[in-house]
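Q: Next comes final_27.cif, mmCIF, C-alpha atoms:
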```
data_start
loop_
_atom_site.label_atom_id
_atom_site.label_comp_id
_atom_site.auth_asym_id
_atom_site.auth_seq_id
_atom_site.Cartn_x
_atom_site.Cartn_y
_atom_site.Cartn_z
CA GLY A 486 -76.21 -139.49 -82.46
CA ASP A 487 -74.08 -139.18 -85.54
CA PHE A 488 -72.13 -136.15 -84.28
CA TYR A 489 -71.35 -134.20 -81.13
CA TYR A 490 -72.40 -130.59 -81.66
CA LEU A 491 -70.51 -127.83 -79.85
CA GLY A 492 -72.59 -125.07 -78.29
CA GLY A 493 -70.26 -122.29 -79.44
CA PHE A 494 -71.19 -122.40 -83.12
CA PHE A 495 -74.52 -123.08 -84.78
CA GLY A 496 -76.84 -121.21 -87.08
CA GLY A 497 -79.91 -121.25 -89.22
CA SER A 498 -82.92 -119.11 -89.92
CA VAL A 499 -84.03 -116.80 -87.13
CA GLN A 500 -87.17 -118.89 -86.64
CA GLU A 501 -85.23 -122.17 -86.38
CA VAL A 502 -82.60 -120.76 -84.00
CA GLN A 503 -85.38 -119.35 -81.81
CA ARG A 504 -87.11 -122.73 -81.81
CA LEU A 505 -83.86 -124.49 -80.86
CA THR A 506 -82.90 -122.06 -78.08
CA ARG A 507 -86.43 -122.03 -76.68
CA ALA A 508 -86.51 -125.85 -76.53
CA CYS A 509 -83.09 -126.01 -74.86
CA HIS A 510 -84.04 -123.32 -72.34
CA GLN A 511 -87.29 -125.08 -71.46
CA ALA A 512 -85.45 -128.39 -70.97
CA MET A 513 -82.90 -126.69 -68.71
CA MET A 514 -85.70 -125.14 -66.63
CA VAL A 515 -87.36 -128.56 -66.23
CA ASP A 516 -84.02 -129.98 -65.08
CA GLU A 517 -83.56 -127.11 -62.62
CA ALA A 518 -87.07 -127.59 -61.22
CA ASN A 519 -86.22 -131.27 -60.66
CA GLY A 520 -82.89 -130.51 -59.01
CA ILE A 521 -80.73 -131.98 -61.77
CA GLU A 522 -78.19 -130.58 -64.21
CA ALA A 523 -77.12 -132.09 -67.53
CA VAL A 524 -73.51 -133.28 -67.63
CA TRP A 525 -72.48 -130.78 -70.32
CA HIS A 526 -75.10 -128.16 -69.40
CA ASP A 527 -76.58 -126.46 -72.48
CA GLU A 528 -74.56 -128.61 -74.92
CA SER A 529 -76.32 -131.72 -73.63
CA HIS A 530 -79.69 -130.17 -74.43
CA LEU A 531 -78.43 -128.88 -77.79
CA ASN A 532 -77.27 -132.38 -78.76
CA LYS A 533 -80.56 -133.95 -77.66
CA TYR A 534 -82.47 -131.39 -79.73
CA LEU A 535 -80.30 -131.98 -82.82
CA LEU A 536 -80.63 -135.75 -82.40
CA ARG A 537 -84.40 -135.35 -82.75
CA HIS A 538 -84.29 -132.48 -85.28
CA LYS A 539 -81.52 -133.34 -87.73
CA PRO A 540 -79.72 -130.33 -89.21
CA THR A 541 -79.98 -129.79 -92.97
CA LYS A 542 -76.24 -129.02 -93.22
CA VAL A 543 -73.27 -129.94 -91.03
CA LEU A 544 -69.93 -128.18 -91.45
CA SER A 545 -66.91 -130.30 -90.64
#
```
Represent the structure from my file as structure tokens, please.
A:
Amino acid sequence: GDFYYLGGFFGGSVQEVQRLTRACHQAMMVDEANGIEAVWHDESHLNKYLLRHKPTKVLS
């Protein structure tokens, strides 16, 4: 991806944040069911989500 996104700070509309957190949670549950864990836990799933769903604004 273009950036590495930290899990400690992100935002957006309530609907978009719910969509993001739901997708990350579901991906983590699939990993758990398959006996695997992403290298950087939730941040790995956050970065995969944001790679596929580009943010409209990035603060740097």
Q: Show which residues sit within 12 Å of A:Glu501, as a list of chain:residue names. Count all atoms listed in the file, and ignore same-chain residues fewer than 6 positions away.
A: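 Final neighbour list, sorted by chain and number: A:Phe495, A:Arg507, A:Ala508, A:Tyr534, A:Leu535, A:His538, A:Lys539, A:Pro540, A:Thr541.
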Q: Using Å and a single decimal, report how far atom CA of A:Ser545 sits from atom CA of A:Gln503.
A: 23.2 Å
Q: Write out as an mmCIF file with C-alpha atoms, in the frame of the given file which residues come within 12 Å of A:Lys533 when counting only C-alpha atoms, dropping same-chain ones fewer than 2 positions away.
A:
```
data_model
loop_
_atom_site.group_PDB
_atom_site.id
_atom_site.type_symbol
_atom_site.label_atom_id
_atom_site.label_comp_id
_atom_site.auth_asym_id
_atom_site.auth_seq_id
_atom_site.Cartn_x
_atom_site.Cartn_y
_atom_site.Cartn_z
ATOM 1 C CA GLY A 486 -76.210 -139.490 -82.460
ATOM 2 C CA ASP A 487 -74.080 -139.180 -85.540
ATOM 3 C CA PHE A 488 -72.130 -136.150 -84.280
ATOM 4 C CA TYR A 489 -71.350 -134.200 -81.130
ATOM 5 C CA TYR A 490 -72.400 -130.590 -81.660
ATOM 6 C CA LEU A 491 -70.510 -127.830 -79.850
ATOM 7 C CA GLY A 492 -72.590 -125.070 -78.290
ATOM 8 C CA LEU A 505 -83.860 -124.490 -80.860
ATOM 9 C CA ALA A 508 -86.510 -125.850 -76.530
ATOM 10 C CA CYS A 509 -83.090 -126.010 -74.860
ATOM 11 C CA ALA A 512 -85.450 -128.390 -70.970
ATOM 12 C CA MET A 513 -82.900 -126.690 -68.710
ATOM 13 C CA ALA A 523 -77.120 -132.090 -67.530
ATOM 14 C CA TRP A 525 -72.480 -130.780 -70.320
ATOM 15 C CA HIS A 526 -75.100 -128.160 -69.400
ATOM 16 C CA ASP A 527 -76.580 -126.460 -72.480
ATOM 17 C CA GLU A 528 -74.560 -128.610 -74.920
ATOM 18 C CA SER A 529 -76.320 -131.720 -73.630
ATOM 19 C CA HIS A 530 -79.690 -130.170 -74.430
ATOM 20 C CA LEU A 531 -78.430 -128.880 -77.790
ATOM 21 C CA LEU A 535 -80.300 -131.980 -82.820
ATOM 22 C CA LEU A 536 -80.630 -135.750 -82.400
ATOM 23 C CA ARG A 537 -84.400 -135.350 -82.750
ATOM 24 C CA HIS A 538 -84.290 -132.480 -85.280
ATOM 25 C CA LYS A 539 -81.520 -133.340 -87.730
#
```
Q: Using atom CA of A:Ser498 and atom CA of A:Asp516 as the two end points, give the distance in Å to one decimal.
A: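 Distance reported for this atom pair: 27.1 Å.
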Q: For a test of reading the model, state the distance in Å between atom CA of A:Gly496 and atom CA of A:Glu517, rounded to one decimal.
A: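 Straight-line distance from atom CA of A:Gly496 to atom CA of A:Glu517 works out to 26.0 Å.
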Q: Can you take the partial stretch 491-520 of chain A, add N, CA and C atoms, and return it as a PDB file, in the coordinates of the input?
A:
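Saved file rebuild.pdb follows:
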```pdb
ATOM      1  N   LEU A 491     -71.006-128.789 -80.830  1.00  0.00           N
ATOM      2  CA  LEU A 491     -70.510-127.830 -79.850  1.00  0.00           C
ATOM      3  C   LEU A 491     -71.490-126.664 -79.727  1.00  0.00           C
ATOM      4  N   GLY A 492     -71.657-126.163 -78.531  1.00  0.00           N
ATOM      5  CA  GLY A 492     -72.590-125.070 -78.290  1.00  0.00           C
ATOM      6  C   GLY A 492     -72.101-123.713 -78.741  1.00  0.00           C
ATOM      7  N   GLY A 493     -70.824-123.589 -79.082  1.00  0.00           N
ATOM      8  CA  GLY A 493     -70.260-122.290 -79.440  1.00  0.00           C
ATOM      9  C   GLY A 493     -70.504-121.861 -80.867  1.00  0.00           C
ATOM     10  N   PHE A 494     -71.022-122.758 -81.709  1.00  0.00           N
ATOM     11  CA  PHE A 494     -71.190-122.400 -83.120  1.00  0.00           C
ATOM     12  C   PHE A 494     -72.340-123.188 -83.709  1.00  0.00           C
ATOM     13  N   PHE A 495     -73.409-122.492 -84.047  1.00  0.00           N
ATOM     14  CA  PHE A 495     -74.520-123.080 -84.780  1.00  0.00           C
ATOM     15  C   PHE A 495     -75.280-121.953 -85.444  1.00  0.00           C
ATOM     16  N   GLY A 496     -76.109-122.266 -86.378  1.00  0.00           N
ATOM     17  CA  GLY A 496     -76.840-121.210 -87.080  1.00  0.00           C
ATOM     18  C   GLY A 496     -78.061-121.766 -87.767  1.00  0.00           C
ATOM     19  N   GLY A 497     -78.704-120.897 -88.497  1.00  0.00           N
ATOM     20  CA  GLY A 497     -79.910-121.250 -89.220  1.00  0.00           C
ATOM     21  C   GLY A 497     -80.788-120.027 -89.353  1.00  0.00           C
ATOM     22  N   SER A 498     -81.995-120.232 -89.821  1.00  0.00           N
ATOM     23  CA  SER A 498     -82.920-119.110 -89.920  1.00  0.00           C
ATOM     24  C   SER A 498     -83.251-118.605 -88.519  1.00  0.00           C
ATOM     25  N   VAL A 499     -83.673-117.367 -88.441  1.00  0.00           N
ATOM     26  CA  VAL A 499     -84.030-116.800 -87.130  1.00  0.00           C
ATOM     27  C   VAL A 499     -85.084-117.659 -86.458  1.00  0.00           C
ATOM     28  N   GLN A 500     -86.080-118.071 -87.201  1.00  0.00           N
ATOM     29  CA  GLN A 500     -87.170-118.890 -86.640  1.00  0.00           C
ATOM     30  C   GLN A 500     -86.646-120.215 -86.093  1.00  0.00           C
ATOM     31  N   GLU A 501     -85.761-120.878 -86.833  1.00  0.00           N
ATOM     32  CA  GLU A 501     -85.230-122.170 -86.380  1.00  0.00           C
ATOM     33  C   GLU A 501     -84.316-122.020 -85.168  1.00  0.00           C
ATOM     34  N   VAL A 502     -83.487-120.975 -85.155  1.00  0.00           N
ATOM     35  CA  VAL A 502     -82.600-120.760 -84.000  1.00  0.00           C
ATOM     36  C   VAL A 502     -83.430-120.425 -82.767  1.00  0.00           C
ATOM     37  N   GLN A 503     -84.490-119.637 -82.937  1.00  0.00           N
ATOM     38  CA  GLN A 503     -85.380-119.350 -81.810  1.00  0.00           C
ATOM     39  C   GLN A 503     -86.042-120.621 -81.303  1.00  0.00           C
ATOM     40  N   ARG A 504     -86.467-121.472 -82.201  1.00  0.00           N
ATOM     41  CA  ARG A 504     -87.110-122.730 -81.810  1.00  0.00           C
ATOM     42  C   ARG A 504     -86.118-123.604 -81.026  1.00  0.00           C
ATOM     43  N   LEU A 505     -84.888-123.699 -81.518  1.00  0.00           N
ATOM     44  CA  LEU A 505     -83.860-124.490 -80.860  1.00  0.00           C
ATOM     45  C   LEU A 505     -83.540-123.937 -79.471  1.00  0.00           C
ATOM     46  N   THR A 506     -83.283-122.637 -79.373  1.00  0.00           N
ATOM     47  CA  THR A 506     -82.900-122.060 -78.080  1.00  0.00           C
ATOM     48  C   THR A 506     -84.052-122.109 -77.088  1.00  0.00           C
ATOM     49  N   ARG A 507     -85.273-121.942 -77.564  1.00  0.00           N
ATOM     50  CA  ARG A 507     -86.430-122.030 -76.680  1.00  0.00           C
ATOM     51  C   ARG A 507     -86.566-123.449 -76.118  1.00  0.00           C
ATOM     52  N   ALA A 508     -86.401-124.448 -76.975  1.00  0.00           N
ATOM     53  CA  ALA A 508     -86.510-125.850 -76.530  1.00  0.00           C
ATOM     54  C   ALA A 508     -85.413-126.185 -75.520  1.00  0.00           C
ATOM     55  N   CYS A 509     -84.191-125.741 -75.785  1.00  0.00           N
ATOM     56  CA  CYS A 509     -83.090-126.010 -74.860  1.00  0.00           C
ATOM     57  C   CYS A 509     -83.322-125.307 -73.524  1.00  0.00           C
ATOM     58  N   HIS A 510     -83.777-124.069 -73.575  1.00  0.00           N
ATOM     59  CA  HIS A 510     -84.040-123.320 -72.340  1.00  0.00           C
ATOM     60  C   HIS A 510     -85.128-124.001 -71.515  1.00  0.00           C
ATOM     61  N   GLN A 511     -86.203-124.411 -72.171  1.00  0.00           N
ATOM     62  CA  GLN A 511     -87.290-125.080 -71.460  1.00  0.00           C
ATOM     63  C   GLN A 511     -86.796-126.378 -70.817  1.00  0.00           C
ATOM     64  N   ALA A 512     -85.980-127.139 -71.524  1.00  0.00           N
ATOM     65  CA  ALA A 512     -85.450-128.390 -70.970  1.00  0.00           C
ATOM     66  C   ALA A 512     -84.554-128.112 -69.769  1.00  0.00           C
ATOM     67  N   MET A 513     -83.761-127.045 -69.840  1.00  0.00           N
ATOM     68  CA  MET A 513     -82.900-126.690 -68.710  1.00  0.00           C
ATOM     69  C   MET A 513     -83.724-126.252 -67.508  1.00  0.00           C
ATOM     70  N   MET A 514     -84.833-125.567 -67.726  1.00  0.00           N
ATOM     71  CA  MET A 514     -85.700-125.140 -66.630  1.00  0.00           C
ATOM     72  C   MET A 514     -86.389-126.336 -65.977  1.00  0.00           C
ATOM     73  N   VAL A 515     -86.772-127.325 -66.781  1.00  0.00           N
ATOM     74  CA  VAL A 515     -87.360-128.560 -66.230  1.00  0.00           C
ATOM     75  C   VAL A 515     -86.321-129.263 -65.367  1.00  0.00           C
ATOM     76  N   ASP A 516     -85.092-129.367 -65.873  1.00  0.00           N
ATOM     77  CA  ASP A 516     -84.020-129.980 -65.080  1.00  0.00           C
ATOM     78  C   ASP A 516     -83.833-129.237 -63.762  1.00  0.00           C
ATOM     79  N   GLU A 517     -83.765-127.908 -63.829  1.00  0.00           N
ATOM     80  CA  GLU A 517     -83.560-127.110 -62.620  1.00  0.00           C
ATOM     81  C   GLU A 517     -84.684-127.331 -61.611  1.00  0.00           C
ATOM     82  N   ALA A 518     -85.922-127.374 -62.097  1.00  0.00           N
ATOM     83  CA  ALA A 518     -87.070-127.590 -61.220  1.00  0.00           C
ATOM     84  C   ALA A 518     -87.012-128.960 -60.541  1.00  0.00           C
ATOM     85  N   ASN A 519     -86.355-129.921 -61.203  1.00  0.00           N
ATOM     86  CA  ASN A 519     -86.220-131.270 -60.660  1.00  0.00           C
ATOM     87  C   ASN A 519     -84.904-131.491 -59.923  1.00  0.00           C
ATOM     88  N   GLY A 520     -84.131-130.415 -59.765  1.00  0.00           N
ATOM     89  CA  GLY A 520     -82.890-130.510 -59.010  1.00  0.00           C
ATOM     90  C   GLY A 520     -81.776-131.272 -59.701  1.00  0.00           C
TER      91      GLY A 520
END
```
